[in-house]
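**Q** Pasting a structure here, questions to come.
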Amino acid sequence: MLPALIGFAAAVAAASAAGYQSMAPTGQWYGRTVTGLGRGSKQIALTYDDGPNDPHTLKLLDVLAKHSVRATFFMIGRYVQQRPDIVRAVAKAGHIIGNHTHTHPLLIFESAAQTRMQLVDCHKAFEDAIGEHSTLFRPPFGGRRPATIRIARELGLQTVMWNVTGYDWNASPAAVIEKKVVRQMRGGDVILLHDGGHRAMGADRAQTVIATENLIRRYKDDGYEFVTVPETLPKAESCLTRAP
């Protein structure tokens, strides 16, 4: 009986660990991903998910331009189709645009064929809106399994996660967002924020815009440099060529 119980406990623990790794931003069990820029680095990458979003993506662009900061935006294909003008504005301002799937499903529950379609359809939406763009990919909710990373790699995409989040998807006050980010910062961080919402266009991200300006001021005063994700990667891992 005891060996059986030990075996059952081990199986439960393994399943729990596997589930955690499928959602943990810094987990590497299921394939190599970008999670940070190197502990202690004086570089910070601001990243934004779930756009383009009217009007907050454009308001965010104003803040970033005011401080001469470039960021990385992971956009949802169906929103790209709705507002290609916002996507073009983001690209024209020199920011990096990455694939966040076409409709924002949790990919750990999607088949290989569905996952591939999500990435390809989002890619096509970008091509129609702006032509060439980055080959960065971020899975919705951070959810992935081995097939997710493999399919992304087959399509020439590099998976980018994060190691700091502002937990701003529920429109927390700017001061709360800022406090949560600051608690996690160690230098060399990829920060996850949101300029949109996956449920519908028009999500209120006013507090994220305010928090962004506060964070830029705080860390610039401390001597940090804000960069895009591709600026931090070796030339051999360039993400600036278009996916097939």
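Scheme for the structure tokens: letters A, B, ... for chains in order shown; per-chain residue numbers from 1; ligand numbers from 1 in order shown.
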For A:Val80, please output as a PyMOL selection string all residues within 12 Å (counting only C-alpha atoms; exclusion window: fewer than 2 positions along the same chain).

**A** chain A and resi 50-54+73-78+82-90+97-103+121-130+196+201

**Q** DSSP on the backbone: what in stretch 125-223 of chain A comes out alpha helix (DSSP H), as number ranges by chain?

**A** A: 125-130, 146-154, 174-184, 206-221

**Q** Can you write just those residues out, C-alpha atoms, as a PDB file, in the first residue's frame?

**A**
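result03.pdb was written with the following content:
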```pdb
ATOM      1  CA  ALA A 125      -3.529  40.596 -40.224  1.00  0.00           C
ATOM      2  CA  PHE A 126      -0.172  42.289 -39.559  1.00  0.00           C
ATOM      3  CA  GLU A 127       0.895  41.848 -43.173  1.00  0.00           C
ATOM      4  CA  ASP A 128      -2.276  43.534 -44.381  1.00  0.00           C
ATOM      5  CA  ALA A 129      -1.877  46.406 -41.914  1.00  0.00           C
ATOM      6  CA  ILE A 130       1.865  47.151 -41.939  1.00  0.00           C
ATOM      7  CA  PRO A 146       5.586  21.804 -25.839  1.00  0.00           C
ATOM      8  CA  ALA A 147       3.568  21.864 -29.068  1.00  0.00           C
ATOM      9  CA  THR A 148       2.938  25.612 -28.672  1.00  0.00           C
ATOM     10  CA  ILE A 149       6.633  26.461 -28.587  1.00  0.00           C
ATOM     11  CA  ARG A 150       7.410  23.949 -31.359  1.00  0.00           C
ATOM     12  CA  ILE A 151       4.769  25.365 -33.714  1.00  0.00           C
ATOM     13  CA  ALA A 152       5.896  28.921 -33.034  1.00  0.00           C
ATOM     14  CA  ARG A 153       9.479  27.906 -33.803  1.00  0.00           C
ATOM     15  CA  GLU A 154       8.398  26.165 -37.029  1.00  0.00           C
ATOM     16  CA  ALA A 174      -2.012  53.628 -11.352  1.00  0.00           C
ATOM     17  CA  ALA A 175      -0.373  53.780  -7.914  1.00  0.00           C
ATOM     18  CA  VAL A 176      -1.226  50.108  -7.312  1.00  0.00           C
ATOM     19  CA  ILE A 177       0.133  49.071 -10.719  1.00  0.00           C
ATOM     20  CA  GLU A 178       3.337  50.994 -10.096  1.00  0.00           C
ATOM     21  CA  LYS A 179       3.769  49.527  -6.608  1.00  0.00           C
ATOM     22  CA  LYS A 180       3.367  45.966  -7.882  1.00  0.00           C
ATOM     23  CA  VAL A 181       5.935  46.519 -10.632  1.00  0.00           C
ATOM     24  CA  VAL A 182       8.463  48.156  -8.320  1.00  0.00           C
ATOM     25  CA  ARG A 183       8.237  45.254  -5.854  1.00  0.00           C
ATOM     26  CA  GLN A 184       9.371  42.792  -8.522  1.00  0.00           C
ATOM     27  CA  ALA A 206      -6.184  54.912 -18.544  1.00  0.00           C
ATOM     28  CA  GLN A 207      -4.501  53.841 -15.297  1.00  0.00           C
ATOM     29  CA  THR A 208      -1.890  51.827 -17.190  1.00  0.00           C
ATOM     30  CA  VAL A 209      -1.044  54.921 -19.234  1.00  0.00           C
ATOM     31  CA  ILE A 210      -0.532  56.932 -16.029  1.00  0.00           C
ATOM     32  CA  ALA A 211       1.482  54.124 -14.426  1.00  0.00           C
ATOM     33  CA  THR A 212       3.688  53.909 -17.502  1.00  0.00           C
ATOM     34  CA  GLU A 213       4.673  57.558 -17.238  1.00  0.00           C
ATOM     35  CA  ASN A 214       5.375  57.200 -13.517  1.00  0.00           C
ATOM     36  CA  LEU A 215       7.546  54.125 -14.082  1.00  0.00           C
ATOM     37  CA  ILE A 216       9.511  55.765 -16.878  1.00  0.00           C
ATOM     38  CA  ARG A 217      10.253  58.795 -14.732  1.00  0.00           C
ATOM     39  CA  ARG A 218      11.209  56.678 -11.715  1.00  0.00           C
ATOM     40  CA  TYR A 219      13.621  54.385 -13.546  1.00  0.00           C
ATOM     41  CA  LYS A 220      15.123  56.975 -15.861  1.00  0.00           C
ATOM     42  CA  ASP A 221      15.989  59.002 -12.765  1.00  0.00           C
TER      43      ASP A 221
END
```

**Q** Excluding A:Met161 and any residue of its chain fewer than 2 positions from it, enumerate the residues within 12 Å of it, using only C-alpha atoms, and give them as a PyMOL selection string.

**A** chain A and resi 22-28+31-37+45-49+72+74+98+100+136-144+149+158-159+163-165+189-193+229

**Q** Do you know which residues are at most 10 Å from A:Gly38 counting only C-alpha atoms, after dropping those on the same chain fewer than 6 positions away, and could you put them as a ChimeraX atom specification?

**A** /A:44,186-190,232

**Q** Generate the output file for the selected residues, C-alpha atoms, as a PDB file, in the first residue's frame.

**A**
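Ended up saving to part-v6.pdb:
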```pdb
ATOM      1  CA  ILE A  44      14.209  47.525 -18.976  1.00  0.00           C
ATOM      2  CA  ARG A 186      15.638  43.574 -10.017  1.00  0.00           C
ATOM      3  CA  GLY A 187      17.130  45.124 -13.167  1.00  0.00           C
ATOM      4  CA  GLY A 188      17.137  43.549 -16.607  1.00  0.00           C
ATOM      5  CA  ASP A 189      13.370  43.106 -16.521  1.00  0.00           C
ATOM      6  CA  VAL A 190      10.689  42.494 -19.130  1.00  0.00           C
ATOM      7  CA  THR A 232      18.422  42.959 -26.078  1.00  0.00           C
TER       8      THR A 232
END
```

**Q** Quick one: pick out all strand (DSSP E) residues within stretch 53-109 of chain A from a backbone DSSP run and write them as a list in words.

**A**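 Answer for stretch 53-109 of chain A restricted to strand (DSSP E) is Thr72, Phe73, Phe74, Met75, Ile96, Ile97, Gly98 and Asn99 of chain A.
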
**Q** With N, CA and C atoms retained, export the selected residues as a short mmCIF file (atom, residue, chain, number, x, y, z; two decimals), in the first residue's frame.

**A**
```cif
data_model
loop_
_atom_site.label_atom_id
_atom_site.label_comp_id
_atom_site.auth_asym_id
_atom_site.auth_seq_id
_atom_site.Cartn_x
_atom_site.Cartn_y
_atom_site.Cartn_z
N THR A 72 7.49 47.34 -26.79
CA THR A 72 7.13 46.18 -27.60
C THR A 72 5.66 45.86 -27.35
N PHE A 73 4.88 45.81 -28.43
CA PHE A 73 3.43 45.60 -28.34
C PHE A 73 3.07 44.24 -28.92
N PHE A 74 2.39 43.41 -28.12
CA PHE A 74 1.90 42.12 -28.59
C PHE A 74 0.41 42.27 -28.87
N MET A 75 0.05 42.20 -30.16
CA MET A 75 -1.29 42.57 -30.58
C MET A 75 -2.13 41.37 -31.01
N ILE A 96 8.08 48.06 -31.53
CA ILE A 96 8.08 46.70 -32.06
C ILE A 96 6.71 46.07 -31.86
N ILE A 97 6.24 45.34 -32.88
CA ILE A 97 4.93 44.71 -32.82
C ILE A 97 5.09 43.20 -32.94
N GLY A 98 4.47 42.47 -31.99
CA GLY A 98 4.57 41.02 -31.97
C GLY A 98 3.21 40.34 -32.01
N ASN A 99 3.24 39.05 -32.30
CA ASN A 99 2.06 38.21 -32.48
C ASN A 99 1.50 37.76 -31.13
#
```

**Q** Tell me, in Å to one decimal, how far atom CA of A:Phe226 is from atom CA of A:Ala71.

**A**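 That distance, rounded to one decimal, is 7.8 Å.
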
**Q** Using atom CA of A:Gly156 and atom CA of A:Ser111 as the two end points, give the distance in Å to one decimal.

**A**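 Taking atom CA of A:Gly156 as the start and atom CA of A:Ser111 as the end point, the length is 19.0 Å.
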
**Q** When you draw a straight line from atom CA of A:Pro173 to atom CA of A:Arg205, how long is it in Å?

**A**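 Going from atom CA of A:Pro173 over to atom CA of A:Arg205, I get 10.0 Å.
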
**Q** Pick out the closest residue to A:Gly197 from this set: A:Gly40, A:Ala65, A:Tyr79, A:Gly223. Count only C-alpha atoms.

**A** A:Tyr79
